[in-house]
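> Before I ask anything, let me first share the structure, which is written out below as C-alpha cells.
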Amino acid sequence: MSKPNQLIALGLCCVLSVSAIACRGRQAVEEADRPPPEDELPLDLEVDETPEQDAADESQSAAPTPAPAPRAETTGTALSPPQAAQLIAAQPGSRINLRSQPSTTASAKGYGLVGDPVQLLRSAQGSDGTWYYVKFERSGAEGWIRGDFVNIAGRATPLPPTARPENSCKGLAEAMTFTAYHSDGRFTLVRFVNLETQNTFDSTLSRQGSNTQGQPLYQGSASPPTGGTYRVELVDLSGGTPGNGSQVAIDYNGISGRGSCP
C-alpha cells in the first residue's frame, strides 16, 4: 500500500476507535442512571416513607398496660350481716353524692336524700374518714357514701311482731308525727317521722312507774339521723288500759304532743 493510502487508513481507524469509546461511555452512563431491579432495593427504603407513624405505634405498643381499677363492690371490708342505716346531713334538703369509689374525687353515680334508708354492705377507710358501700332499699342503687352522711344508731328498724297497727296510738308533736305501740296493756315502742326530712327513728319504751297523777309513765331515748340522743317520755292517759278512744301524752326532748288510740 502506498504511503498516502496508509495514512488514510490510519486516520479512519482512529476515528472508529474514538466512536467506539464514546458509545461505550454513553452506555455506561445510561446504565448508571437506570434504577436497579425491584428485588435489589435497600430494605430501609420500605419504612422511610412513614417514620413518624411507625415511631408512634412502637411507643404505644411498648407502653405498659394499666392495671384495671378494683371493683367497687369488692373494695374494703364486707359487713356481715349488712347493717341498716339512714342518710343524714346538716341541711334537710341536702343531696348526698353516691360515688363510684370511696373518695370525693371519684365520679358521682347519683345522689341520695336525707332520710333515705340504705343497707351498708362494705366499709373502707379513706384519707378523709370511713366510707360505706351502700344499697338503697327503694331503688336498689349501689355506691359509696362517706361515713359522716350515714347514721346507724338512729335508723328505724323493722317493727317487731307485737307492734300492730290496731294496737297503736297516733299523734303530732310540732313537726313530727309519732305512733306509739302497746301490747298487753303496756307501751313498748314509739316511732317518729320528721315531716320536713322524712327521717324515721324509733325509741323503745320501758315502764318507769307512774306520774304524780297516778298515770303509767314510760321512758326511752331516740337518736334521729341528724345525730344526738334525746329523751323520750310517754304518759298513758288511759290509766293502764290503752284502747279505743284512749289518749297518750308524749314529750320528745321538750317537744310535747298528744295522740289518740283507734
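Following the order of the C-alpha cells, first chain is A, next is B, and so on, with residues numbered from 1 inside each chain and ligands from 1 in the order they appear.
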Taking 2 positions as the minimum chain separation for residues in the same chain, which residues sit within 7 Å of Ala78 in chain A when counting only C-alpha atoms? Answer as a list of chain:residue names.
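Skipping anything fewer than 2 positions along the chain leaves A:Gly76, A:Ser80, A:Leu121, A:Arg122, A:Ser123.
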> Using only C-alpha atoms, what does the table of range 113-132 of chain A residues within 10 Å of range 93-100 of chain A look like, with each row giving the shortest atom pair and its distance in Å to one decimal, sorted by chain and ascending number, as a Markdown table?

| residue | atom | partner | partner_atom | distance |
| --- | --- | --- | --- | --- |
| A:Leu113 | CA | A:Arg95 | CA | 5.1 |
| A:Val114 | CA | A:Ser94 | CA | 6.4 |
| A:Gly115 | CA | A:Gly93 | CA | 9.8 |
| A:Trp131 | CA | A:Arg99 | CA | 10.0 |
> Since we have the selection now, will you write its residues out, keeping N, CA and C atoms, as a PDB file, in the first residue's frame?

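Output (again-v6.pdb):
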ATOM      1  N   LEU A 113     -81.051  11.324  99.293  1.00  0.00           N
ATOM      2  CA  LEU A 113     -81.616  12.425 100.069  1.00  0.00           C
ATOM      3  C   LEU A 113     -81.584  12.082 101.552  1.00  0.00           C
ATOM      4  N   VAL A 114     -81.560  13.119 102.356  1.00  0.00           N
ATOM      5  CA  VAL A 114     -81.577  12.926 103.805  1.00  0.00           C
ATOM      6  C   VAL A 114     -82.804  12.098 104.182  1.00  0.00           C
ATOM      7  N   GLY A 115     -82.566  11.073 104.979  1.00  0.00           N
ATOM      8  CA  GLY A 115     -83.649  10.206 105.408  1.00  0.00           C
ATOM      9  C   GLY A 115     -83.797   8.937 104.613  1.00  0.00           C
ATOM     10  N   TRP A 131     -65.770   5.212 104.769  1.00  0.00           N
ATOM     11  CA  TRP A 131     -66.753   5.207 103.691  1.00  0.00           C
ATOM     12  C   TRP A 131     -67.544   3.908 103.758  1.00  0.00           C
TER      13      TRP A 131
END
> Could you pull the residues within 10 Å of range 127-130 of chain A, counting only C-alpha atoms, minus those fewer than 4 positions along the same chain, as a PDB file with all heavy atoms, in the first residue's frame?

ATOM      1  N   PRO A 102     -64.502   4.945  97.066  1.00  0.00           N
ATOM      2  CA  PRO A 102     -64.522   5.640  98.358  1.00  0.00           C
ATOM      3  C   PRO A 102     -63.592   6.856  98.385  1.00  0.00           C
ATOM      4  O   PRO A 102     -62.588   6.887  99.090  1.00  0.00           O
ATOM      5  CB  PRO A 102     -64.072   4.551  99.347  1.00  0.00           C
ATOM      6  CG  PRO A 102     -63.238   3.623  98.534  1.00  0.00           C
ATOM      7  CD  PRO A 102     -63.862   3.613  97.167  1.00  0.00           C
ATOM      8  N   SER A 103     -63.930   7.866  97.605  1.00  0.00           N
ATOM      9  CA  SER A 103     -63.135   9.088  97.533  1.00  0.00           C
ATOM     10  C   SER A 103     -64.003  10.202  96.971  1.00  0.00           C
ATOM     11  O   SER A 103     -64.837   9.961  96.078  1.00  0.00           O
ATOM     12  CB  SER A 103     -61.898   8.878  96.657  1.00  0.00           C
ATOM     13  OG  SER A 103     -61.248  10.105  96.393  1.00  0.00           O
ATOM     14  N   THR A 104     -63.783  11.428  97.443  1.00  0.00           N
ATOM     15  CA  THR A 104     -64.545  12.563  96.920  1.00  0.00           C
ATOM     16  C   THR A 104     -64.103  12.942  95.513  1.00  0.00           C
ATOM     17  O   THR A 104     -64.784  13.716  94.845  1.00  0.00           O
ATOM     18  CB  THR A 104     -64.379  13.784  97.847  1.00  0.00           C
ATOM     19  OG1 THR A 104     -62.979  14.049  98.042  1.00  0.00           O
ATOM     20  CG2 THR A 104     -65.035  13.542  99.196  1.00  0.00           C
ATOM     21  N   SER A 123     -67.326  -1.518 104.116  1.00  0.00           N
ATOM     22  CA  SER A 123     -66.722  -0.298 104.662  1.00  0.00           C
ATOM     23  C   SER A 123     -65.274  -0.222 104.216  1.00  0.00           C
ATOM     24  O   SER A 123     -64.620  -1.249 103.994  1.00  0.00           O
ATOM     25  CB  SER A 123     -66.807  -0.279 106.195  1.00  0.00           C
ATOM     26  OG  SER A 123     -66.010  -1.304 106.751  1.00  0.00           O
ATOM     27  N   ILE A 145     -70.698   6.088 100.002  1.00  0.00           N
ATOM     28  CA  ILE A 145     -71.084   7.329 100.674  1.00  0.00           C
ATOM     29  C   ILE A 145     -70.201   7.493 101.904  1.00  0.00           C
ATOM     30  O   ILE A 145     -69.950   6.529 102.643  1.00  0.00           O
ATOM     31  CB  ILE A 145     -72.571   7.318 101.071  1.00  0.00           C
ATOM     32  CG1 ILE A 145     -73.448   7.402  99.813  1.00  0.00           C
ATOM     33  CG2 ILE A 145     -72.908   8.462 102.023  1.00  0.00           C
ATOM     34  CD1 ILE A 145     -74.934   7.402 100.084  1.00  0.00           C
ATOM     35  N   ARG A 146     -69.727   8.708 102.123  1.00  0.00           N
ATOM     36  CA  ARG A 146     -68.839   8.966 103.258  1.00  0.00           C
ATOM     37  C   ARG A 146     -69.586   8.776 104.578  1.00  0.00           C
ATOM     38  O   ARG A 146     -70.783   9.088 104.690  1.00  0.00           O
ATOM     39  CB  ARG A 146     -68.259  10.374 103.160  1.00  0.00           C
ATOM     40  CG  ARG A 146     -66.942  10.542 103.927  1.00  0.00           C
ATOM     41  CD  ARG A 146     -66.315  11.865 103.590  1.00  0.00           C
ATOM     42  NE  ARG A 146     -67.151  12.989 104.006  1.00  0.00           N
ATOM     43  CZ  ARG A 146     -66.949  14.234 103.606  1.00  0.00           C
ATOM     44  NH1 ARG A 146     -65.964  14.504 102.759  1.00  0.00           N
ATOM     45  NH2 ARG A 146     -67.730  15.203 104.011  1.00  0.00           N
ATOM     46  N   GLY A 147     -68.864   8.294 105.582  1.00  0.00           N
ATOM     47  CA  GLY A 147     -69.484   7.880 106.831  1.00  0.00           C
ATOM     48  C   GLY A 147     -70.207   8.968 107.594  1.00  0.00           C
ATOM     49  O   GLY A 147     -71.152   8.684 108.338  1.00  0.00           O
ATOM     50  N   ASP A 148     -69.782  10.245 107.439  1.00  0.00           N
ATOM     51  CA  ASP A 148     -70.454  11.285 108.204  1.00  0.00           C
ATOM     52  C   ASP A 148     -71.827  11.626 107.638  1.00  0.00           C
ATOM     53  O   ASP A 148     -72.539  12.455 108.208  1.00  0.00           O
ATOM     54  CB  ASP A 148     -69.589  12.547 108.308  1.00  0.00           C
ATOM     55  CG  ASP A 148     -69.112  13.044 106.952  1.00  0.00           C
ATOM     56  OD1 ASP A 148     -69.139  12.254 105.995  1.00  0.00           O
ATOM     57  OD2 ASP A 148     -68.730  14.214 106.843  1.00  0.00           O
TER      58      ASP A 148
END
> Could you name the residues that touch range 162-165 of chain A at 10 Å or less, counting only C-alpha atoms, but leaving out those on the same chain fewer than 4 positions away, as an MDAnalysis selection string?
chainID A and resid 158 169:170 179:184 187:190 262
> Emit the selected residues as an mmCIF file, in the first residue's frame, including N, CA and C atoms.

data_model
loop_
_atom_site.group_PDB
_atom_site.id
_atom_site.type_symbol
_atom_site.label_atom_id
_atom_site.label_comp_id
_atom_site.auth_asym_id
_atom_site.auth_seq_id
_atom_site.Cartn_x
_atom_site.Cartn_y
_atom_site.Cartn_z
ATOM 1 N N PRO A 158 -86.991 -2.662 111.485
ATOM 2 C CA PRO A 158 -88.302 -3.259 111.234
ATOM 3 C C PRO A 158 -89.086 -3.424 112.526
ATOM 4 N N CYS A 169 -101.289 4.157 118.999
ATOM 5 C CA CYS A 169 -101.863 5.492 119.205
ATOM 6 C C CYS A 169 -101.028 6.477 118.387
ATOM 7 N N LYS A 170 -101.712 7.343 117.628
ATOM 8 C CA LYS A 170 -101.012 8.253 116.733
ATOM 9 C C LYS A 170 -101.273 9.694 117.131
ATOM 10 N N THR A 179 -96.121 7.399 116.405
ATOM 11 C CA THR A 179 -97.009 6.258 116.587
ATOM 12 C C THR A 179 -96.478 5.448 117.755
ATOM 13 N N ALA A 180 -97.292 5.328 118.809
ATOM 14 C CA ALA A 180 -96.900 4.570 119.998
ATOM 15 C C ALA A 180 -97.610 3.223 119.972
ATOM 16 N N TYR A 181 -96.857 2.157 120.127
ATOM 17 C CA TYR A 181 -97.405 0.798 120.058
ATOM 18 C C TYR A 181 -97.485 0.204 121.464
ATOM 19 N N HIS A 182 -98.588 -0.506 121.717
ATOM 20 C CA HIS A 182 -98.762 -1.155 123.015
ATOM 21 C C HIS A 182 -99.143 -2.608 122.819
ATOM 22 N N SER A 183 -98.860 -3.407 123.827
ATOM 23 C CA SER A 183 -99.171 -4.830 123.814
ATOM 24 C C SER A 183 -99.434 -5.277 125.245
ATOM 25 N N ASP A 184 -100.528 -5.980 125.436
ATOM 26 C CA ASP A 184 -100.915 -6.462 126.768
ATOM 27 C C ASP A 184 -100.999 -5.323 127.772
ATOM 28 N N PHE A 187 -97.036 -0.027 126.844
ATOM 29 C CA PHE A 187 -96.406 0.585 125.658
ATOM 30 C C PHE A 187 -94.963 0.108 125.555
ATOM 31 N N THR A 188 -94.585 -0.269 124.332
ATOM 32 C CA THR A 188 -93.252 -0.853 124.128
ATOM 33 C C THR A 188 -92.360 -0.044 123.186
ATOM 34 N N LEU A 189 -92.969 0.736 122.296
ATOM 35 C CA LEU A 189 -92.151 1.418 121.276
ATOM 36 C C LEU A 189 -92.917 2.611 120.726
ATOM 37 N N VAL A 190 -92.168 3.651 120.388
ATOM 38 C CA VAL A 190 -92.759 4.799 119.693
ATOM 39 C C VAL A 190 -91.899 5.117 118.476
ATOM 40 N N PRO A 262 -107.063 4.315 118.190
ATOM 41 C CA PRO A 262 -108.271 3.996 117.426
ATOM 42 C C PRO A 262 -109.179 3.031 118.192
#
> Between A:Val134, A:Leu217, A:Ile255, A:Leu172, which has the minimum distance to Gln86 in chain A (counting only C-alpha atoms)?
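Ranked by minimum distance to Gln86 in chain A, first place goes to A:Val134.
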> Show me, as a PDB file with C-alpha atoms, in the first residue's frame, the residues that have an atom within 10 Å of Glu196 in chain A when counting only C-alpha atoms, minus same-chain residues fewer than 3 positions from it.

ATOM      1  CA  PRO A  92     -82.723  18.625 105.447  1.00  0.00           C
ATOM      2  CA  GLY A  93     -82.796  19.199 101.687  1.00  0.00           C
ATOM      3  CA  GLY A 115     -83.649  10.206 105.408  1.00  0.00           C
ATOM      4  CA  ALA A 175     -93.086  18.979 113.001  1.00  0.00           C
ATOM      5  CA  MET A 176     -93.134  15.261 113.860  1.00  0.00           C
ATOM      6  CA  VAL A 193     -91.352  10.681 111.461  1.00  0.00           C
ATOM      7  CA  ASN A 199     -86.405  10.834 108.691  1.00  0.00           C
TER       8      ASN A 199
END
> Quick one: distance from CA of Pro224 in chain A to CA of Tyr252 in chain A in Å, one decimal?
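Separation between CA of Pro224 in chain A and CA of Tyr252 in chain A: 11.2 Å.
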> Check range 126-262 of chain A with DSSP on the backbone and list each residue it calls helix (DSSP H, G or I), as a list in words.
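These are the residues in question: Gly147, Asp148, Phe149, Pro165, Glu166 and Asn167 of chain A.
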> Among the residues of range 43-255 of chain A, find those DSSP assigns to strand (DSSP E or B) from the backbone and print them as a PyMOL selection string.
chain A and resi 77-87+95-99+108-113+117-126+129-136+142-146+150-151+168-173+176-183+186-194+200-204+206-210+216-222+230-236+247-252+255
> Have a look at A:Arg186, A:Leu195, A:Ala173, A:Gln213 and name the one nearest to Gly259 in chain A; count only C-alpha atoms.
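Ranking A:Arg186, A:Leu195, A:Ala173, A:Gln213 by distance to Gly259 in chain A, first place goes to A:Ala173.
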> Which residue out of A:Thr197, A:Ser260, A:Thr229, A:Ser210 has the minimum interatomic distance to Gly243 in chain A when only C-alpha atoms are used?
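Closest to Gly243 in chain A of all the choices is A:Ser260.
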